[in-house]
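start37.pdb (PDB, C-alpha atoms and all ligand atoms)
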MODEL        1
ATOM      1  CA  MET A 134     -27.911  -0.842  20.284
ATOM      2  CA  LEU A 135     -29.494  -3.156  22.858
ATOM      3  CA  GLU A 136     -28.302  -2.669  26.453
ATOM      4  CA  THR A 137     -26.941  -6.217  26.891
ATOM      5  CA  PRO A 138     -23.937  -5.841  24.516
ATOM      6  CA  HIS A 139     -23.217  -2.403  26.020
ATOM      7  CA  VAL A 140     -23.117  -3.875  29.542
ATOM      8  CA  VAL A 141     -20.923  -6.848  28.585
ATOM      9  CA  VAL A 142     -18.361  -4.504  26.999
ATOM     10  CA  GLY A 143     -18.597  -2.070  29.940
ATOM     11  CA  ALA A 144     -17.966  -4.938  32.373
ATOM     12  CA  ALA A 145     -15.119  -6.249  30.198
ATOM     13  CA  ILE A 146     -13.431  -2.830  30.302
ATOM     14  CA  ALA A 147     -13.778  -2.818  34.107
ATOM     15  CA  THR A 148     -12.216  -6.269  34.432
ATOM     16  CA  LYS A 149      -9.183  -5.214  32.340
ATOM     17  CA  VAL A 150      -8.687  -1.563  33.328
ATOM     18  CA  VAL A 151      -8.233  -1.583  37.083
ATOM     19  CA  SER A 152      -8.297   2.200  37.676
ATOM     20  CA  PRO A 153     -11.928   3.366  38.044
ATOM     21  CA  ALA A 154     -10.882   6.901  36.969
ATOM     22  CA  LEU A 155      -9.949   5.432  33.589
ATOM     23  CA  ALA A 156     -12.367   2.501  33.351
ATOM     24  CA  ILE A 157     -15.586   4.467  33.933
ATOM     25  CA  PRO A 158     -14.971   7.127  31.215
ATOM     26  CA  LEU A 159     -13.846   4.336  28.847
ATOM     27  CA  ALA A 160     -17.051   2.399  29.530
ATOM     28  CA  LEU A 161     -19.063   5.548  28.807
ATOM     29  CA  ALA A 162     -17.084   6.167  25.586
ATOM     30  CA  SER A 163     -17.634   2.545  24.514
ATOM     31  CA  HIS A 164     -21.363   3.301  24.277
ATOM     32  CA  PHE A 165     -20.825   5.717  21.387
ATOM     33  CA  VAL A 166     -18.332   3.439  19.644
ATOM     34  CA  LEU A 167     -20.698   0.446  19.826
ATOM     35  CA  ASP A 168     -23.656   2.461  18.526
ATOM     36  CA  LYS A 169     -21.576   2.866  15.324
ATOM     37  CA  VAL A 170     -21.586  -0.926  14.785
ATOM     38  CA  PRO A 171     -24.596  -1.731  12.552
ATOM     39  CA  HIS A 172     -27.276  -3.129  14.863
ATOM     40  CA  TRP A 173     -30.981  -3.785  15.220
ATOM     41  CA  ASN A 174     -33.004  -1.958  17.885
ATOM     42  CA  PRO A 175     -36.704  -1.822  18.733
ATOM     43  CA  HIS A 176     -38.066   1.302  17.039
ATOM     44  CA  LEU A 177     -38.892   3.291  20.178
ATOM     45  CA  PHE A 178     -38.433   6.689  18.533
ATOM     46  CA  THR A 179     -40.425   6.071  15.351
ATOM     47  CA  GLU A 180     -43.248   4.492  17.373
ATOM     48  CA  THR A 181     -43.279   7.391  19.842
ATOM     49  CA  GLN A 182     -43.559   9.818  16.915
ATOM     50  CA  LYS A 183     -46.476   7.810  15.512
ATOM     51  CA  LEU A 184     -48.342   6.579  18.600
ATOM     52  CA  GLY A 185     -47.137   8.969  21.311
ATOM     53  CA  HIS A 186     -45.412   6.049  23.082
ATOM     54  CA  PRO A 187     -43.378   2.928  22.192
ATOM     55  CA  ALA A 188     -45.404  -0.083  20.991
ATOM     56  CA  LYS A 189     -46.057  -2.932  23.465
ATOM     57  CA  LYS A 190     -43.863  -5.380  21.560
ATOM     58  CA  SER A 191     -40.915  -2.949  21.602
ATOM     59  CA  THR A 192     -41.383  -2.306  25.315
ATOM     60  CA  PHE A 193     -41.363  -6.061  25.898
ATOM     61  CA  VAL A 194     -38.064  -6.363  23.980
ATOM     62  CA  ALA A 195     -36.627  -3.381  25.897
ATOM     63  CA  VAL A 196     -37.629  -4.805  29.301
ATOM     64  CA  ALA A 197     -36.266  -8.273  28.433
ATOM     65  CA  ASP A 198     -33.017  -6.674  27.223
ATOM     66  CA  VAL A 199     -32.604  -4.529  30.353
ATOM     67  CA  GLY A 200     -33.415  -7.576  32.537
ATOM     68  CA  LEU A 201     -30.786  -9.663  30.758
ATOM     69  CA  ALA A 202     -28.255  -6.808  30.958
ATOM     70  CA  LEU A 203     -28.877  -6.551  34.716
ATOM     71  CA  VAL A 204     -28.488 -10.308  35.281
ATOM     72  CA  ILE A 205     -25.256 -10.420  33.250
ATOM     73  CA  GLY A 206     -23.850  -7.285  34.912
ATOM     74  CA  LEU A 207     -24.592  -8.645  38.387
ATOM     75  CA  PHE A 208     -23.218 -12.084  37.448
ATOM     76  CA  ILE A 209     -19.886 -10.641  36.263
ATOM     77  CA  THR A 210     -19.753  -8.408  39.360
ATOM     78  CA  SER A 211     -20.411 -11.408  41.631
ATOM     79  CA  ARG A 212     -17.236 -13.070  40.309
ATOM     80  CA  PHE A 213     -15.294 -10.246  41.983
ATOM     81  CA  ALA A 214     -17.144 -10.450  45.316
ATOM     82  CA  THR A 215     -13.877 -10.927  47.221
ATOM     83  CA  GLN A 216     -12.509  -7.650  45.762
ATOM     84  CA  PRO A 217     -15.106  -5.028  46.696
ATOM     85  CA  GLU A 218     -13.327  -2.104  44.953
ATOM     86  CA  ARG A 219     -13.199  -4.047  41.675
ATOM     87  CA  ALA A 220     -16.821  -5.098  42.097
ATOM     88  CA  VAL A 221     -17.928  -1.468  42.560
ATOM     89  CA  THR A 222     -15.880  -0.426  39.503
ATOM     90  CA  ILE A 223     -17.551  -3.138  37.423
ATOM     91  CA  LEU A 224     -21.011  -2.012  38.527
ATOM     92  CA  ALA A 225     -20.146   1.625  37.815
ATOM     93  CA  CYS A 226     -18.814   0.679  34.358
ATOM     94  CA  CYS A 227     -21.971  -1.327  33.601
ATOM     95  CA  LEU A 228     -24.027   1.746  34.480
ATOM     96  CA  ALA A 229     -21.740   4.145  32.528
ATOM     97  CA  SER A 230     -21.953   1.887  29.463
ATOM     98  CA  VAL A 231     -25.740   2.340  29.241
ATOM     99  CA  LEU A 232     -26.116   5.831  30.729
ATOM    100  CA  PRO A 233     -26.587   7.580  27.331
ATOM    101  CA  ASP A 234     -29.636   5.338  26.778
ATOM    102  CA  ILE A 235     -31.023   5.319  30.337
ATOM    103  CA  VAL A 236     -31.368   9.111  30.325
ATOM    104  CA  LYS A 237     -33.741   8.742  27.343
ATOM    105  CA  TRP A 238     -36.246   6.595  29.251
ATOM    106  CA  PRO A 239     -38.263   9.530  30.681
ATOM    107  CA  TYR A 240     -38.760  10.737  27.090
ATOM    108  CA  TYR A 241     -40.247   7.424  26.007
ATOM    109  CA  TYR A 242     -41.988   6.212  29.139
ATOM    110  CA  LEU A 243     -42.909   9.352  31.123
ATOM    111  CA  LYS A 244     -43.707  11.495  28.068
ATOM    112  CA  ASN A 245     -41.105  13.984  29.312
ATOM    113  CA  ARG A 246     -40.561  16.527  26.509
ATOM    114  CA  TRP A 247     -38.040  18.737  28.306
ATOM    115  CA  GLU A 248     -36.104  20.510  25.536
ATOM    116  CA  PRO A 249     -32.545  19.361  26.499
ATOM    117  CA  LEU A 250     -33.839  15.784  26.808
ATOM    118  CA  LYS A 251     -35.513  15.996  23.381
ATOM    119  CA  ARG A 252     -32.244  17.263  21.942
ATOM    120  CA  TRP A 253     -30.329  14.410  23.562
ATOM    121  CA  VAL A 254     -32.794  11.838  22.155
ATOM    122  CA  LEU A 255     -32.346  13.272  18.646
ATOM    123  CA  PHE A 256     -28.562  13.511  19.001
ATOM    124  CA  GLU A 257     -28.175   9.949  20.335
ATOM    125  CA  ARG A 258     -30.438   8.724  17.545
ATOM    126  CA  SER A 259     -28.300  10.471  14.923
ATOM    127  CA  LEU A 260     -25.266   8.413  16.055
ATOM    128  CA  GLN A 261     -26.961   5.037  15.522
ATOM    129  CA  VAL A 262     -26.015   2.836  12.594
ATOM    130  CA  ASN A 263     -29.061   0.657  12.033
ATOM    131  CA  ALA A 264     -29.330  -2.721  10.354
ATOM    132  CA  THR A 265     -32.180  -5.120   9.601
ATOM    133  CA  PHE A 266     -33.128  -7.711  12.226
ATOM    134  CA  TRP A 267     -30.919 -10.785  11.662
ATOM    135  CA  PRO A 268     -27.678  -9.085  10.584
ATOM    136  CA  GLY A 269     -28.302  -6.469  13.281
ATOM    137  CA  MET A 270     -28.770  -9.142  15.959
ATOM    138  CA  LEU A 271     -25.747 -11.115  14.754
ATOM    139  CA  THR A 272     -23.398  -8.143  15.232
ATOM    140  CA  GLN A 273     -24.702  -7.733  18.793
ATOM    141  CA  LEU A 274     -24.315 -11.444  19.589
ATOM    142  CA  LEU A 275     -20.732 -11.222  18.296
ATOM    143  CA  ILE A 276     -20.080  -8.208  20.548
ATOM    144  CA  ILE A 277     -21.474 -10.121  23.550
ATOM    145  CA  ALA A 278     -19.335 -13.183  22.715
ATOM    146  CA  THR A 279     -16.224 -11.020  22.220
ATOM    147  CA  GLY A 280     -16.885  -9.256  25.535
ATOM    148  CA  PHE A 281     -17.133 -12.567  27.421
ATOM    149  CA  TRP A 282     -14.034 -13.855  25.659
ATOM    150  CA  TRP A 283     -12.174 -10.695  26.669
ATOM    151  CA  ILE A 284     -13.318 -11.051  30.296
ATOM    152  CA  SER A 285     -12.210 -14.697  30.472
ATOM    153  CA  SER A 286      -8.858 -14.168  28.702
TER     154      SER A 286
HETATM  155 ZN    ZN B 301     -27.160   4.299  22.543
ENDMDL
END
Re-express the file's structure as structure tokens.
Amino acid sequence: MLETPHVVVGAAIATKVVSPALAIPLALASHFVLDKVPHWNPHLFTETQKLGHPAKKSTFVAVADVGLALVIGLFITSRFATQPERAVTILACCLASVLPDIVKWPYYYLKNRWEPLKRWVLFERSLQVNATFWPGMLTQLLIIATGFWWISS
């Protein structure tokens, strides 16, 4: 799944579950639950198998997605600027919600083929439920909308 829906749900969890000791593990767990929702992703793995690295177009999508996720995460955090503990929890939950994907970046972009990392990439990939582009984008837009609705409710 793209990072933006992960971050919105991670932030939503942080805004509703005040205890960081509970919110951060929940945000991490939400990553694996959301990857089970049929979604579209750039094909970083398949391209790396074929070309030795992700294609330019996929990297562009990935960078745009991470940029958007960062902006949204920081925006939601900024709404809690007067409550520093909550703000830190939100940031930590945003990070926890994408951690299972972030750890894969050295595999794709630094050509790191460390065995445990390779195993993690394959394991994380095996959890994904993929869909074609439009249906797979629609599910992610719905997750983002639901996350914002949850935050504002
Ligand atoms: Zn993932």
Seminar exercise, completed: From the list A:Leu243, A:Ile146, A:Ile157, A:Val262, the nearest residue to Leu228 (chain A) using all atoms listed in the file is A:Ile157
Do a neighbour search on Leu167 (chain A) at 10 Å with only C-alpha atoms, toss out local chain neighbours closer than 2 positions, and write the hits as a short mmCIF file (atom, residue, chain, number, x, y, z; two decimals) with C-alpha atoms, keeping the file's coordinate frame.
data_model
loop_
_atom_site.label_atom_id
_atom_site.label_comp_id
_atom_site.auth_asym_id
_atom_site.auth_seq_id
_atom_site.Cartn_x
_atom_site.Cartn_y
_atom_site.Cartn_z
CA MET A 134 -27.91 -0.84 20.28
CA LEU A 135 -29.49 -3.16 22.86
CA PRO A 138 -23.94 -5.84 24.52
CA HIS A 139 -23.22 -2.40 26.02
CA VAL A 142 -18.36 -4.50 27.00
CA ALA A 162 -17.08 6.17 25.59
CA SER A 163 -17.63 2.54 24.51
CA HIS A 164 -21.36 3.30 24.28
CA PHE A 165 -20.82 5.72 21.39
CA LYS A 169 -21.58 2.87 15.32
CA VAL A 170 -21.59 -0.93 14.78
CA PRO A 171 -24.60 -1.73 12.55
CA HIS A 172 -27.28 -3.13 14.86
CA SER A 230 -21.95 1.89 29.46
CA LEU A 260 -25.27 8.41 16.06
CA GLN A 261 -26.96 5.04 15.52
CA VAL A 262 -26.02 2.84 12.59
CA GLN A 273 -24.70 -7.73 18.79
CA ILE A 276 -20.08 -8.21 20.55
#
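This file gives the following result for the PyMOL selection byres (((chain A and resi 145) around 9) and not hetatm): Val140, Val141, Val142, Gly143, Ala144, Ile146, Ala147, Thr148, Lys149, Val150, Ala160, Ile209, Ile223, Cys226, Gly280, Phe281, Trp282, Trp283, Ile284 and Ser285 of chain A.
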For this session: Starting from the shown file, work through the PyMOL selection byres (((not hetatm)) within 6 of (chain B and resi 301)) and note down what comes out as an MDAnalysis selection string.
Result: chainID A and resid 134 168 233:234
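CA of Thr137 (chain A) is found 9.4 Å from CA of Leu274 (chain A).
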For this session: Give the answer as one residue: which of A:Trp247, A:Thr279, A:Glu136, A:Lys183 has the shortest atom-to-atom distance to Ile205 (chain A), using all atoms listed in the file?
Result: A:Glu136
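Considering all atoms listed in the file, the residue among A:Pro153, A:His176, A:Val221, A:Leu159 positioned nearest to Ala264 (chain A) is A:His176.
By chain and then residue number, the residues within 12 Å of region 239-241 of chain A are A:His176, A:Leu177, A:Phe178, A:Thr179, A:Glu180, A:Thr181, A:Gln182, A:Leu184, A:Gly185, A:His186, A:Pro187, A:Ala188, A:Ser191, A:Thr192, A:Ala195, A:Asp234, A:Arg246, A:Trp247, A:Glu248, A:Pro249, A:Leu250, A:Lys251, A:Arg252, A:Trp253, A:Val254, A:Leu255, counting all atoms listed in the file and disregarding those fewer than 5 positions away in sequence.
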Can those selected residues be exported to a file as a PDB file, in the frame of the given file so that it contains C-alpha atoms?
ATOM      1  CA  HIS A 176     -38.066   1.302  17.039  1.00  0.00           C
ATOM      2  CA  LEU A 177     -38.892   3.291  20.178  1.00  0.00           C
ATOM      3  CA  PHE A 178     -38.433   6.689  18.533  1.00  0.00           C
ATOM      4  CA  THR A 179     -40.425   6.071  15.351  1.00  0.00           C
ATOM      5  CA  GLU A 180     -43.248   4.492  17.373  1.00  0.00           C
ATOM      6  CA  THR A 181     -43.279   7.391  19.842  1.00  0.00           C
ATOM      7  CA  GLN A 182     -43.559   9.818  16.915  1.00  0.00           C
ATOM      8  CA  LEU A 184     -48.342   6.579  18.600  1.00  0.00           C
ATOM      9  CA  GLY A 185     -47.137   8.969  21.311  1.00  0.00           C
ATOM     10  CA  HIS A 186     -45.412   6.049  23.082  1.00  0.00           C
ATOM     11  CA  PRO A 187     -43.378   2.928  22.192  1.00  0.00           C
ATOM     12  CA  ALA A 188     -45.404  -0.083  20.991  1.00  0.00           C
ATOM     13  CA  SER A 191     -40.915  -2.949  21.602  1.00  0.00           C
ATOM     14  CA  THR A 192     -41.383  -2.306  25.315  1.00  0.00           C
ATOM     15  CA  ALA A 195     -36.627  -3.381  25.897  1.00  0.00           C
ATOM     16  CA  ASP A 234     -29.636   5.338  26.778  1.00  0.00           C
ATOM     17  CA  ARG A 246     -40.561  16.527  26.509  1.00  0.00           C
ATOM     18  CA  TRP A 247     -38.040  18.737  28.306  1.00  0.00           C
ATOM     19  CA  GLU A 248     -36.104  20.510  25.536  1.00  0.00           C
ATOM     20  CA  PRO A 249     -32.545  19.361  26.499  1.00  0.00           C
ATOM     21  CA  LEU A 250     -33.839  15.784  26.808  1.00  0.00           C
ATOM     22  CA  LYS A 251     -35.513  15.996  23.381  1.00  0.00           C
ATOM     23  CA  ARG A 252     -32.244  17.263  21.942  1.00  0.00           C
ATOM     24  CA  TRP A 253     -30.329  14.410  23.562  1.00  0.00           C
ATOM     25  CA  VAL A 254     -32.794  11.838  22.155  1.00  0.00           C
ATOM     26  CA  LEU A 255     -32.346  13.272  18.646  1.00  0.00           C
TER      27      LEU A 255
END
Can you sort out the box for region 183-193 of chain A, edges along x, y and z, all listed atoms in, 4 Å on every side, with centre and edge lengths in Å to one decimal, as JSON?
{"center_x": -44.6, "center_y": 1.5, "center_z": 20.7, "size_x": 15.4, "size_y": 23.0, "size_z": 18.4}
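In this model, the gap between CA of Lys189 (chain A) and CA of Asn245 (chain A) comes to 18.6 Å.
The gap separating CA of Leu201 (chain A) from CA of Leu155 (chain A) is 25.9 Å, in Å to one decimal.
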For this session: Write out as number ranges by chain which residues come within 10 Å of Leu207 (chain A) when counting all atoms listed in the file, dropping same-chain ones fewer than 3 positions away.
Result: A: 144, 201-204, 210-212, 220, 223-224, 227
Keeping C-alpha atoms for every residue in the selection just given, could you write it to a file as a PDB file, in the coordinates of the input?
ATOM      1  CA  ALA A 144     -17.966  -4.938  32.373  1.00  0.00           C
ATOM      2  CA  LEU A 201     -30.786  -9.663  30.758  1.00  0.00           C
ATOM      3  CA  ALA A 202     -28.255  -6.808  30.958  1.00  0.00           C
ATOM      4  CA  LEU A 203     -28.877  -6.551  34.716  1.00  0.00           C
ATOM      5  CA  VAL A 204     -28.488 -10.308  35.281  1.00  0.00           C
ATOM      6  CA  THR A 210     -19.753  -8.408  39.360  1.00  0.00           C
ATOM      7  CA  SER A 211     -20.411 -11.408  41.631  1.00  0.00           C
ATOM      8  CA  ARG A 212     -17.236 -13.070  40.309  1.00  0.00           C
ATOM      9  CA  ALA A 220     -16.821  -5.098  42.097  1.00  0.00           C
ATOM     10  CA  ILE A 223     -17.551  -3.138  37.423  1.00  0.00           C
ATOM     11  CA  LEU A 224     -21.011  -2.012  38.527  1.00  0.00           C
ATOM     12  CA  CYS A 227     -21.971  -1.327  33.601  1.00  0.00           C
TER      13      CYS A 227
END
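Using all atoms listed in the file, the smallest distance between any of A:Thr222, A:Ala197, A:Lys244, A:Asn174 and Val151 (chain A) comes from A:Thr222.
Restricting the calculation to all atoms listed in the file, the smallest distance between Arg258 (chain A) and any of A:Leu271, A:Lys237, A:Ser152, A:Val166 is found for A:Lys237.
The shortest atom-to-atom distance to Pro158 (chain A), with all atoms listed in the file taken into account, belongs to A:Ala229 out of A:Arg219, A:Ala229, A:Thr265, A:Ile235.
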